[in-house]
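Here's the structure we're looking at; comments come further down.
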Amino acid sequence: MGEVNNVAQPASSTAPPPTRRTAFAEGVDRARAAATTEPGRLRIIGALLALLVVAFGAVTAWQTAEREAAADDVLHKSQPLSTAAADIYRSLADANTAASSGFLAGGQETAESRRRYEEDIDEAAAKLITAANNADPGSPSAAAITKLNTLLPEYKGLVERARTYNRQGFPVGGAYLRYANEKMQDEMLPAAEDLYKKENQRLEDDYADATPYPWAAIALGVLALAALAWAQHRTYRRTNRLLNQGLVAATAATTVVLLWLVIGHSVARAGLNDSYDHGVRSLNVLHDARIASLRARGNENLTLVARGAETTKVTADGKEVTVDRYDHDFSSDIATLGKGLAQAARLADDRAGEEPVTSAESNMAEWRKRHTAARAQDDNGNYEQALALVIGGKGATGECFDSVESNLEKALAHEQTEFRQAAGDGLDAMTGLTAGAAVLAVLGAAGAVLGIGRRLSEYR
């Protein structure tokens with residue numbers, strides 16, 4: 001047999017095909033290679049400069065638009081609504097005072113007293129409509145307004161019943177008036193005061209949104225200027241040319257926006273702070289003083305209406321004693337009025353604002369004297385004489401109350417004018433900044449691109 005030779009055959013192998021690179025990877029390699037050349041570096045620098053300047057303009061426009069809107073709300077929305085809320089309280093409290101004065105006059109209620117009551121009720125209703133139109137649905141302010149709109153017709157009905165029975169000589173008329181007063185004092189006025197406080201908080205929030213410095217925009221502006229300065233220094237070192245017109249234009253536009261932003265906002269901030277310090281603060285103190293004055297007058301009238309039927313217990317000299325409720329409340333309110341007028345006098349920054357407050361203090365001092373005389377007559381059983389000293393003509397406490405009201409109204413009008421002037425100046429300082437920043441930023445970015453493009457053209 002022949003031998004069979006088994007020869008091992010080498011295994012066949014196929015080499016793997018080379019891995020195909022993606023277009024993205026190739027693009028990255030080309031970009032990396034281009035970045036190592038001067039034209040590539042210039043393109044990157046130009047893009048970054050344009051991006052920085054545009055970002056600076058965009059953030060400036062955004063932050064200034066927010067602050068301008070808040071300043072506009074301060075001037076045209078939240079502060080007027082705060083004043084309207086205070087007016088609602090004043091109208092309701094004054095209506096209650098007029099109702100009690102008319103009740104005390106009995107069948108001799110004057111047409112003036114009736115007219116004053118009706119006007120106060122109508123003004124309160126009108127102000128409530130205005131407040132409702134400007135309140136956010138579902139907000140606490142809207143709830144307070146709804147409550148007042150519900151209670152107002154109920155209060156009017158009680159007052160009309162009290163008047164009807166009083167004209168007929170029925171003692172139950174006094175009970176209805178006291179019930180109406182309780183509804184006003186315990187439900188309506190607290191709701192009106194709550195509305196006033198909420199609108200004041202809304203005003204505070206608007207100030208908080210309008211006055212902070214736009215630090216993000218300022219930081220971006222400084223960064224953009226630093227980048228532009230570096231780019232121009234780099235160009236100078238490589239070309240020995242002092243100026244690049246495009247980069248100079250971009251620097252100028254950025255500088256204008258940054259200065260406009262800092263100076264404009266500083267002026268606006270100063271105006272708004274002035275409107276708060278010499279407007280809103282004084283207005284709040286004067287509104288509180290007016291509220292105390294109205295409360296005092298209402299309690300003074302009700303002292304005579306109740307004729308000792310309403311008492312309360314207080315501690316005096318370590319002992320608990322029983323006193324007339326309304327007379328005690330009058331003393332508390334008149335003390336609050338005195339403190340408010342003293343604070344308003346300190347806040348007044350000119351003679352026109354100080355004079356009516358000083359006059360109101362004199363009226364209040366005289367009011368106290370006459371009230372003491374009226375209480376002495378009533379305590380001695382001379383009801384008619386006490387009544388004449390409270391609701392009579394010349395020499396009555398009502399004359400003092402009207403003078404306090406008149407002077408407080410003058411002081412409020414003066415401070416309102418000061419507020420509008422200062423807040424208006426603050427708002428005017430922001431006018432045009434949002435649009436101007438956006439336009440100048442676009443021009444600055446275009447200048448940076450053109451300046452870098454001028455350098456790139458030298459390599460072609």
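Ligands are numbered from 1 in the order shown, chains are lettered A, B, ... in the order of the structure tokens, and residues start at 1 in each chain.
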Residues near A:Thr83, anyone? I mean within 9 Å using only C-alpha atoms, not counting same-chain ones fewer than 4 positions away, as a ChimeraX atom specification. /A:78-79,87-88,196,199-200,283-284,287
Q) What's the 9 Å shell around A:Asn363, counting only C-alpha atoms, without same-chain residues fewer than 6 positions away, as a ChimeraX atom specification? A) /A:399-401,403-404
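The residues of stretch 262-379 of chain A that DSSP classifies as strand (DSSP E or B), using the backbone of this structure, are Thr311, Thr312, Lys313, Val314, Thr315, Ala316, Lys319, Glu320, Val321, Thr322, Val323 and Asp324 of chain A.
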Shortest contact to A:Ala98, candidates A:Ala126, A:Val159, A:Ala373, A:Leu152, atoms counted only C-alpha atoms, goes to A:Val159
Near-A:Val54 list (7 Å; only C-alpha atoms; drop same-chain fewer than 6 positions) as JSON, numbers by chain | {"A": [441, 442, 445]}
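Taking atom CA of A:Lys197 and atom CA of A:Ala86 as endpoints, the distance between them is 9.1 Å.
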Counting only C-alpha atoms, what is within 12 Å of stretch 177-181 of chain A, bar same-chain residues fewer than 2 positions away, as a PDB file with N, CA and C atoms, in the first residue's frame?
ATOM      1  N   LEU A  92     -66.745 103.719  54.846  1.00  0.00           N
ATOM      2  CA  LEU A  92     -67.592 102.904  55.715  1.00  0.00           C
ATOM      3  C   LEU A  92     -67.635 103.472  57.137  1.00  0.00           C
ATOM      4  N   ALA A  93     -66.464 103.829  57.653  1.00  0.00           N
ATOM      5  CA  ALA A  93     -66.422 104.366  59.020  1.00  0.00           C
ATOM      6  C   ALA A  93     -67.150 105.700  59.108  1.00  0.00           C
ATOM      7  N   ASP A  94     -67.002 106.544  58.073  1.00  0.00           N
ATOM      8  CA  ASP A  94     -67.665 107.841  58.096  1.00  0.00           C
ATOM      9  C   ASP A  94     -69.178 107.684  57.941  1.00  0.00           C
ATOM     10  N   ALA A  95     -69.597 106.698  57.148  1.00  0.00           N
ATOM     11  CA  ALA A  95     -71.030 106.421  57.015  1.00  0.00           C
ATOM     12  C   ALA A  95     -71.602 105.999  58.362  1.00  0.00           C
ATOM     13  N   ASN A  96     -70.862 105.188  59.094  1.00  0.00           N
ATOM     14  CA  ASN A  96     -71.310 104.755  60.414  1.00  0.00           C
ATOM     15  C   ASN A  96     -71.417 105.936  61.383  1.00  0.00           C
ATOM     16  N   THR A  97     -70.447 106.850  61.274  1.00  0.00           N
ATOM     17  CA  THR A  97     -70.467 108.053  62.115  1.00  0.00           C
ATOM     18  C   THR A  97     -71.660 108.940  61.755  1.00  0.00           C
ATOM     19  N   ALA A  98     -71.894 109.118  60.445  1.00  0.00           N
ATOM     20  CA  ALA A  98     -73.021 109.950  60.004  1.00  0.00           C
ATOM     21  C   ALA A  98     -74.354 109.334  60.433  1.00  0.00           C
ATOM     22  N   ALA A  99     -74.438 108.005  60.390  1.00  0.00           N
ATOM     23  CA  ALA A  99     -75.674 107.334  60.795  1.00  0.00           C
ATOM     24  C   ALA A  99     -75.945 107.556  62.283  1.00  0.00           C
ATOM     25  N   SER A 100     -74.907 107.448  63.102  1.00  0.00           N
ATOM     26  CA  SER A 100     -75.102 107.644  64.543  1.00  0.00           C
ATOM     27  C   SER A 100     -75.413 109.101  64.868  1.00  0.00           C
ATOM     28  N   SER A 101     -74.791 110.030  64.106  1.00  0.00           N
ATOM     29  CA  SER A 101     -75.095 111.450  64.313  1.00  0.00           C
ATOM     30  C   SER A 101     -76.547 111.749  63.964  1.00  0.00           C
ATOM     31  N   GLY A 102     -77.008 111.195  62.844  1.00  0.00           N
ATOM     32  CA  GLY A 102     -78.403 111.384  62.447  1.00  0.00           C
ATOM     33  C   GLY A 102     -79.357 110.778  63.462  1.00  0.00           C
ATOM     34  N   PHE A 103     -78.978 109.626  64.021  1.00  0.00           N
ATOM     35  CA  PHE A 103     -79.828 108.979  65.022  1.00  0.00           C
ATOM     36  C   PHE A 103     -79.940 109.852  66.268  1.00  0.00           C
ATOM     37  N   LEU A 104     -78.821 110.429  66.687  1.00  0.00           N
ATOM     38  CA  LEU A 104     -78.843 111.282  67.870  1.00  0.00           C
ATOM     39  C   LEU A 104     -79.737 112.495  67.665  1.00  0.00           C
ATOM     40  N   LEU A 151     -72.009  92.261  53.032  1.00  0.00           N
ATOM     41  CA  LEU A 151     -72.388  92.896  54.292  1.00  0.00           C
ATOM     42  C   LEU A 151     -72.968  94.296  54.112  1.00  0.00           C
ATOM     43  N   LEU A 152     -72.568  95.002  53.050  1.00  0.00           N
ATOM     44  CA  LEU A 152     -72.991  96.394  52.887  1.00  0.00           C
ATOM     45  C   LEU A 152     -74.511  96.551  52.843  1.00  0.00           C
ATOM     46  N   PRO A 153     -75.247  95.792  52.020  1.00  0.00           N
ATOM     47  CA  PRO A 153     -76.712  95.954  52.024  1.00  0.00           C
ATOM     48  C   PRO A 153     -77.348  95.537  53.350  1.00  0.00           C
ATOM     49  N   GLU A 154     -76.744  94.565  54.053  1.00  0.00           N
ATOM     50  CA  GLU A 154     -77.275  94.182  55.357  1.00  0.00           C
ATOM     51  C   GLU A 154     -77.144  95.339  56.342  1.00  0.00           C
ATOM     52  N   TYR A 155     -76.008  96.007  56.308  1.00  0.00           N
ATOM     53  CA  TYR A 155     -75.787  97.145  57.200  1.00  0.00           C
ATOM     54  C   TYR A 155     -76.774  98.270  56.883  1.00  0.00           C
ATOM     55  N   LYS A 156     -76.957  98.566  55.606  1.00  0.00           N
ATOM     56  CA  LYS A 156     -77.891  99.622  55.218  1.00  0.00           C
ATOM     57  C   LYS A 156     -79.310  99.315  55.714  1.00  0.00           C
ATOM     58  N   GLY A 157     -79.709  98.060  55.629  1.00  0.00           N
ATOM     59  CA  GLY A 157     -81.041  97.684  56.091  1.00  0.00           C
ATOM     60  C   GLY A 157     -81.214  97.910  57.585  1.00  0.00           C
ATOM     61  N   LEU A 158     -80.176  97.604  58.369  1.00  0.00           N
ATOM     62  CA  LEU A 158     -80.254  97.812  59.819  1.00  0.00           C
ATOM     63  C   LEU A 158     -80.333  99.296  60.157  1.00  0.00           C
ATOM     64  N   VAL A 159     -79.566 100.113  59.438  1.00  0.00           N
ATOM     65  CA  VAL A 159     -79.588 101.554  59.694  1.00  0.00           C
ATOM     66  C   VAL A 159     -80.963 102.131  59.367  1.00  0.00           C
ATOM     67  N   GLU A 160     -81.570 101.693  58.270  1.00  0.00           N
ATOM     68  CA  GLU A 160     -82.890 102.200  57.896  1.00  0.00           C
ATOM     69  C   GLU A 160     -83.944 101.801  58.929  1.00  0.00           C
ATOM     70  N   ARG A 161     -83.842 100.594  59.456  1.00  0.00           N
ATOM     71  CA  ARG A 161     -84.788 100.181  60.508  1.00  0.00           C
ATOM     72  C   ARG A 161     -84.604 101.037  61.756  1.00  0.00           C
ATOM     73  N   ALA A 162     -83.333 101.280  62.114  1.00  0.00           N
ATOM     74  CA  ALA A 162     -83.050 102.114  63.289  1.00  0.00           C
ATOM     75  C   ALA A 162     -83.636 103.503  63.110  1.00  0.00           C
ATOM     76  N   ARG A 163     -83.517 104.077  61.920  1.00  0.00           N
ATOM     77  CA  ARG A 163     -84.046 105.422  61.654  1.00  0.00           C
ATOM     78  C   ARG A 163     -85.578 105.423  61.738  1.00  0.00           C
ATOM     79  N   THR A 164     -86.174 104.392  61.147  1.00  0.00           N
ATOM     80  CA  THR A 164     -87.643 104.325  61.141  1.00  0.00           C
ATOM     81  C   THR A 164     -88.200 104.274  62.565  1.00  0.00           C
ATOM     82  N   TYR A 165     -87.655 103.371  63.381  1.00  0.00           N
ATOM     83  CA  TYR A 165     -88.125 103.250  64.757  1.00  0.00           C
ATOM     84  C   TYR A 165     -87.795 104.489  65.578  1.00  0.00           C
ATOM     85  N   ASN A 166     -86.651 105.110  65.274  1.00  0.00           N
ATOM     86  CA  ASN A 166     -86.243 106.307  66.023  1.00  0.00           C
ATOM     87  C   ASN A 166     -87.202 107.465  65.739  1.00  0.00           C
ATOM     88  N   PRO A 171     -87.841 102.914  71.448  1.00  0.00           N
ATOM     89  CA  PRO A 171     -86.478 102.683  71.943  1.00  0.00           C
ATOM     90  C   PRO A 171     -85.728 101.585  71.193  1.00  0.00           C
ATOM     91  N   VAL A 172     -86.464 100.676  70.551  1.00  0.00           N
ATOM     92  CA  VAL A 172     -85.805  99.582  69.829  1.00  0.00           C
ATOM     93  C   VAL A 172     -84.919 100.108  68.698  1.00  0.00           C
ATOM     94  N   GLY A 173     -85.159 101.366  68.292  1.00  0.00           N
ATOM     95  CA  GLY A 173     -84.303 101.959  67.261  1.00  0.00           C
ATOM     96  C   GLY A 173     -82.850 101.996  67.685  1.00  0.00           C
ATOM     97  N   GLY A 174     -82.593 102.304  68.973  1.00  0.00           N
ATOM     98  CA  GLY A 174     -81.219 102.323  69.470  1.00  0.00           C
ATOM     99  C   GLY A 174     -80.580 100.956  69.400  1.00  0.00           C
ATOM    100  N   ALA A 175     -81.367  99.911  69.679  1.00  0.00           N
ATOM    101  CA  ALA A 175     -80.840  98.541  69.607  1.00  0.00           C
ATOM    102  C   ALA A 175     -80.445  98.188  68.177  1.00  0.00           C
ATOM    103  N   LYS A 183     -72.078  95.221  63.496  1.00  0.00           N
ATOM    104  CA  LYS A 183     -71.782  94.622  62.191  1.00  0.00           C
ATOM    105  C   LYS A 183     -70.670  95.390  61.490  1.00  0.00           C
ATOM    106  N   MET A 184     -70.725  96.733  61.615  1.00  0.00           N
ATOM    107  CA  MET A 184     -69.689  97.562  61.000  1.00  0.00           C
ATOM    108  C   MET A 184     -68.342  97.359  61.708  1.00  0.00           C
ATOM    109  N   GLN A 185     -68.353  97.446  63.051  1.00  0.00           N
ATOM    110  CA  GLN A 185     -67.106  97.385  63.813  1.00  0.00           C
ATOM    111  C   GLN A 185     -66.494  95.989  63.845  1.00  0.00           C
ATOM    112  N   ASP A 186     -67.336  94.964  63.931  1.00  0.00           N
ATOM    113  CA  ASP A 186     -66.830  93.602  64.127  1.00  0.00           C
ATOM    114  C   ASP A 186     -66.615  92.835  62.830  1.00  0.00           C
ATOM    115  N   GLU A 187     -67.307  93.226  61.756  1.00  0.00           N
ATOM    116  CA  GLU A 187     -67.202  92.472  60.512  1.00  0.00           C
ATOM    117  C   GLU A 187     -66.717  93.310  59.331  1.00  0.00           C
ATOM    118  N   MET A 188     -67.381  94.466  59.093  1.00  0.00           N
ATOM    119  CA  MET A 188     -67.087  95.227  57.886  1.00  0.00           C
ATOM    120  C   MET A 188     -65.748  95.970  57.962  1.00  0.00           C
ATOM    121  N   LEU A 189     -65.540  96.696  59.046  1.00  0.00           N
ATOM    122  CA  LEU A 189     -64.290  97.442  59.155  1.00  0.00           C
ATOM    123  C   LEU A 189     -63.065  96.521  59.258  1.00  0.00           C
ATOM    124  N   ARG A 295     -62.880 106.244  64.000  1.00  0.00           N
ATOM    125  CA  ARG A 295     -63.306 105.353  65.076  1.00  0.00           C
ATOM    126  C   ARG A 295     -63.666 106.155  66.331  1.00  0.00           C
ATOM    127  N   GLY A 298     -67.040 107.832  65.877  1.00  0.00           N
ATOM    128  CA  GLY A 298     -68.130 106.870  65.962  1.00  0.00           C
ATOM    129  C   GLY A 298     -68.391 106.425  67.387  1.00  0.00           C
ATOM    130  N   ASN A 299     -67.323 106.160  68.144  1.00  0.00           N
ATOM    131  CA  ASN A 299     -67.498 105.735  69.533  1.00  0.00           C
ATOM    132  C   ASN A 299     -68.027 106.866  70.404  1.00  0.00           C
ATOM    133  N   ASN A 301     -70.159 109.196  69.431  1.00  0.00           N
ATOM    134  CA  ASN A 301     -71.603 109.245  69.186  1.00  0.00           C
ATOM    135  C   ASN A 301     -72.329 108.091  69.872  1.00  0.00           C
ATOM    136  N   LEU A 302     -71.717 106.905  69.781  1.00  0.00           N
ATOM    137  CA  LEU A 302     -72.385 105.723  70.343  1.00  0.00           C
ATOM    138  C   LEU A 302     -72.412 105.754  71.871  1.00  0.00           C
ATOM    139  N   THR A 303     -71.528 106.523  72.477  1.00  0.00           N
ATOM    140  CA  THR A 303     -71.591 106.694  73.931  1.00  0.00           C
ATOM    141  C   THR A 303     -72.937 107.288  74.326  1.00  0.00           C
ATOM    142  N   LEU A 304     -73.406 108.254  73.510  1.00  0.00           N
ATOM    143  CA  LEU A 304     -74.701 108.878  73.789  1.00  0.00           C
ATOM    144  C   LEU A 304     -75.866 108.015  73.336  1.00  0.00           C
ATOM    145  N   VAL A 305     -75.671 107.268  72.253  1.00  0.00           N
ATOM    146  CA  VAL A 305     -76.744 106.384  71.783  1.00  0.00           C
ATOM    147  C   VAL A 305     -77.002 105.277  72.807  1.00  0.00           C
ATOM    148  N   ALA A 306     -75.943 104.648  73.305  1.00  0.00           N
ATOM    149  CA  ALA A 306     -76.096 103.522  74.238  1.00  0.00           C
ATOM    150  C   ALA A 306     -76.552 103.982  75.610  1.00  0.00           C
ATOM    151  N   ARG A 307     -76.117 105.197  76.023  1.00  0.00           N
ATOM    152  CA  ARG A 307     -76.510 105.760  77.328  1.00  0.00           C
ATOM    153  C   ARG A 307     -76.242 104.776  78.469  1.00  0.00           C
ATOM    154  N   ALA A 309     -75.658 101.567  78.295  1.00  0.00           N
ATOM    155  CA  ALA A 309     -76.125 100.184  78.131  1.00  0.00           C
ATOM    156  C   ALA A 309     -74.986  99.237  77.779  1.00  0.00           C
ATOM    157  N   GLU A 310     -73.870  99.762  77.256  1.00  0.00           N
ATOM    158  CA  GLU A 310     -72.740  98.923  76.859  1.00  0.00           C
ATOM    159  C   GLU A 310     -71.564  99.243  77.780  1.00  0.00           C
ATOM    160  N   TYR A 326     -67.987 102.398  74.960  1.00  0.00           N
ATOM    161  CA  TYR A 326     -67.698 103.293  73.841  1.00  0.00           C
ATOM    162  C   TYR A 326     -66.802 104.466  74.270  1.00  0.00           C
TER     163      TYR A 326
END
Among A:Ser275, A:Asp378, A:Ala352, A:Gly221, A:Ala252 is approached most closely, using only C-alpha atoms, by A:Gly221
Any idea what's packed within 12 Å of A:Tyr207, counting only C-alpha atoms, ignoring anything in its chain fewer than 6 positions away? Could you give it as a list in words?
-> Glu66, Arg67, Glu68, Ala69, Ala70, Ala71, Asp72, Asp73, Val74, Leu75, Lys77, Ser78, Gln79, Asn200, Gln201, Ala268, Arg269, Ala270, Gly271, Leu272, Asn273, Asp274, Ser275, Tyr276, Asp277, Val280, Ala423, Gly426 and Leu427 of chain A
Check your understanding: What are the DSSP alpha helix (DSSP H) residues of stretch 58-270 of chain A, as a ChimeraX atom specification?
Key -> /A:58-73,79-105,111-134,140-167,172-183,189-210,215-239,245-270
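Comparing A:Gly46, A:Gly447, A:Gly432, A:Pro212 by their smallest distance to A:Ala250, the closest is A:Gly447 (using only C-alpha atoms).
Atom to atom, atom CA of A:Ala374 and atom CA of A:Ala386 stand 4.5 Å apart.
Among the candidates A:Thr130, A:Ser282, A:Gln168, A:Ala84, the residue lying nearest to A:Leu195 is A:Ala84 (atoms considered: only C-alpha atoms).
With only C-alpha atoms as the atoms that count, the minimum distance from A:Asn244 to the choices A:Ala210, A:Gln232, A:Ala131, A:Ala342 is reached by A:Gln232.
Restricting the calculation to only C-alpha atoms, the smallest distance between A:Ala292 and any of A:His233, A:Lys339, A:Arg167, A:Arg351 is found for A:Lys339.
The interatomic distance for the pair atom CA of A:Ala224 and atom CA of A:Tyr236 works out to 18.4 Å.
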